[in-house]
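Encoded as structure tokens, the structure appears first; notes follow it.
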Amino acid sequence: MANQILVCKTADLAPGEMKRVEHGEQALAVYNVEGTFYVTDDRCTHGLSNLSEGVLIGTEIECSMHFGTFDVTTGEPTGSPCSIALRTYKVDMRGDEVFVDID
Ligand code: FES
């Protein structure tokens with residue numbers, strides 16, 4: 001059975017916003033894309049930057065370090081210099097609470 005953690009309430013993040021959530025050693029980025037929540041690792045796969053400090057444009061997160069981009073819905077890199085996919089997490093909405101599966 002998957003291990004789930006509460007990452008935020010829906011009211012915590014307006015559409016177009018994101019935030020970093022720490023769970024033990026893990027750092028996640030939670031995104032609200034037009035009311036749908038997505039979660040990825042917060043650490044950019046290109047370097048030592050936190051994606052939650054970047055810019056969310058639609059479904060794309062732009063890293064603040066070298067301006068590479070990822071699609072937050074799939075984790076796939078969409079813009080250079082990023083070439084390694086981000087880990088994504090399955091989101092489980094329960095009422096006004098946003099949970100993710102972490103294993
Ligand atoms: S560290 Fe994110 S694009 Fe380089």
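Here, A, B, ... name the chains of the structure tokens in the order displayed, residue numbers run from 1 inside each chain, and ligands are numbered from 1 in the same displayed order.
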Point to revise | Contacts to ligand 1 at 12 Å cut-off (only C-alpha atoms and all ligand atoms) as a ChimeraX atom specification | key: /A:42-55,61-70,77-86
Serialized selection, C-alpha atoms, as a PDB file, in the first residue's frame:
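Done, and the output landed in part35.pdb:
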ATOM      1  CA  ASP A  42      11.519  20.258  -6.027  1.00  0.00           C
ATOM      2  CA  ARG A  43      15.146  19.753  -7.033  1.00  0.00           C
ATOM      3  CA  CYS A  44      15.867  20.497 -10.689  1.00  0.00           C
ATOM      4  CA  THR A  45      17.435  17.480 -12.420  1.00  0.00           C
ATOM      5  CA  HIS A  46      19.946  19.785 -14.094  1.00  0.00           C
ATOM      6  CA  GLY A  47      21.503  21.300 -10.997  1.00  0.00           C
ATOM      7  CA  LEU A  48      21.100  22.417  -7.434  1.00  0.00           C
ATOM      8  CA  SER A  49      18.135  24.697  -7.870  1.00  0.00           C
ATOM      9  CA  ASN A  50      14.698  24.475  -6.268  1.00  0.00           C
ATOM     10  CA  LEU A  51      11.977  24.529  -8.887  1.00  0.00           C
ATOM     11  CA  SER A  52       9.531  26.108  -6.437  1.00  0.00           C
ATOM     12  CA  GLU A  53      11.689  29.244  -6.718  1.00  0.00           C
ATOM     13  CA  GLY A  54      11.150  29.329 -10.477  1.00  0.00           C
ATOM     14  CA  VAL A  55       8.206  30.460 -12.571  1.00  0.00           C
ATOM     15  CA  ILE A  61       7.895  25.117 -14.580  1.00  0.00           C
ATOM     16  CA  GLU A  62      10.891  27.252 -15.511  1.00  0.00           C
ATOM     17  CA  CYS A  63      13.953  26.765 -13.331  1.00  0.00           C
ATOM     18  CA  SER A  64      15.362  29.978 -11.894  1.00  0.00           C
ATOM     19  CA  MET A  65      18.986  28.842 -12.337  1.00  0.00           C
ATOM     20  CA  HIS A  66      19.445  28.253 -16.076  1.00  0.00           C
ATOM     21  CA  PHE A  67      15.845  28.706 -17.240  1.00  0.00           C
ATOM     22  CA  GLY A  68      15.353  25.096 -18.330  1.00  0.00           C
ATOM     23  CA  THR A  69      11.749  23.889 -18.268  1.00  0.00           C
ATOM     24  CA  PHE A  70       9.701  20.800 -17.383  1.00  0.00           C
ATOM     25  CA  PRO A  77      11.962  18.096 -19.749  1.00  0.00           C
ATOM     26  CA  THR A  78      10.620  20.619 -22.280  1.00  0.00           C
ATOM     27  CA  GLY A  79      13.413  23.153 -22.535  1.00  0.00           C
ATOM     28  CA  SER A  80      17.209  23.155 -22.596  1.00  0.00           C
ATOM     29  CA  PRO A  81      19.425  22.620 -20.675  1.00  0.00           C
ATOM     30  CA  CYS A  82      17.134  20.162 -18.835  1.00  0.00           C
ATOM     31  CA  SER A  83      17.267  16.651 -20.302  1.00  0.00           C
ATOM     32  CA  ILE A  84      16.479  14.312 -17.393  1.00  0.00           C
ATOM     33  CA  ALA A  85      12.835  13.850 -16.390  1.00  0.00           C
ATOM     34  CA  LEU A  86      11.642  15.022 -12.999  1.00  0.00           C
TER      35      LEU A  86
END
Exercise for review: Within 9 Å of region 34-40 of chain A, counting only C-alpha atoms, which residues show up once you throw out same-chain ones fewer than 2 positions away? Write them as a PyMOL selection string, please.
Suggested key: chain A and resi 10+14-16+27-32+42-43+58+72-75+86-91+93+98+100
Practice item. Please indicate the distance in Å from CA of Asp92 (chain A) to CA of Gly24 (chain A), rounded to one decimal place. Key: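 Result for CA of Asp92 (chain A) versus CA of Gly24 (chain A): 20.0 Å, one decimal.
On the backbone of this structure, DSSP gives helix (DSSP H, G or I) within chain A to A:Thr10, A:Ala11, A:Asp12, A:Leu51, A:Ser52, A:Glu53.
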I need the chosen residues saved as a PDB file, in the first residue's frame, with N, CA, C and O atoms.
ATOM      1  N   THR A  10      -6.394  22.773  -0.551  1.00  0.00           N
ATOM      2  CA  THR A  10      -6.606  23.430  -1.846  1.00  0.00           C
ATOM      3  C   THR A  10      -6.558  24.952  -1.702  1.00  0.00           C
ATOM      4  O   THR A  10      -6.092  25.650  -2.598  1.00  0.00           O
ATOM      5  N   ALA A  11      -7.018  25.474  -0.550  1.00  0.00           N
ATOM      6  CA  ALA A  11      -7.047  26.925  -0.353  1.00  0.00           C
ATOM      7  C   ALA A  11      -5.643  27.513  -0.167  1.00  0.00           C
ATOM      8  O   ALA A  11      -5.464  28.728  -0.258  1.00  0.00           O
ATOM      9  N   ASP A  12      -4.646  26.650   0.069  1.00  0.00           N
ATOM     10  CA  ASP A  12      -3.278  27.141   0.303  1.00  0.00           C
ATOM     11  C   ASP A  12      -2.627  27.670  -0.976  1.00  0.00           C
ATOM     12  O   ASP A  12      -1.677  28.451  -0.916  1.00  0.00           O
ATOM     13  N   LEU A  51      12.929  24.102  -7.855  1.00  0.00           N
ATOM     14  CA  LEU A  51      11.977  24.529  -8.887  1.00  0.00           C
ATOM     15  C   LEU A  51      10.883  25.429  -8.327  1.00  0.00           C
ATOM     16  O   LEU A  51      10.347  26.281  -9.037  1.00  0.00           O
ATOM     17  N   SER A  52      10.569  25.260  -7.045  1.00  0.00           N
ATOM     18  CA  SER A  52       9.531  26.108  -6.437  1.00  0.00           C
ATOM     19  C   SER A  52       9.954  27.577  -6.375  1.00  0.00           C
ATOM     20  O   SER A  52       9.134  28.448  -6.105  1.00  0.00           O
ATOM     21  N   GLU A  53      11.222  27.851  -6.663  1.00  0.00           N
ATOM     22  CA  GLU A  53      11.689  29.244  -6.718  1.00  0.00           C
ATOM     23  C   GLU A  53      11.691  29.760  -8.147  1.00  0.00           C
ATOM     24  O   GLU A  53      12.144  30.877  -8.420  1.00  0.00           O
TER      25      GLU A  53
END
**Study point:** DSSP-assigned strand (DSSP E or B) members of chain A, reported as a PyMOL selection string
**Key:** chain A and resi 3-9+18-23+26-33+36-41+43+50+55-57+60-62+69-71+77-79+88-89+91-94+97-102
Review point. Closest to Gln26 (chain A) among A:Asn3, A:Phe99, A:Asp41, A:Glu76, using only C-alpha atoms?
Key: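 Nearest candidate to Gln26 (chain A) out of A:Asn3, A:Phe99, A:Asp41, A:Glu76: A:Asp41.
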Practice item. Determine the nearest neighbour of Lys19 (chain A) from the options A:Asp101, A:Gly95, A:Gln4, A:Leu56, counting only C-alpha atoms. Key: A:Leu56
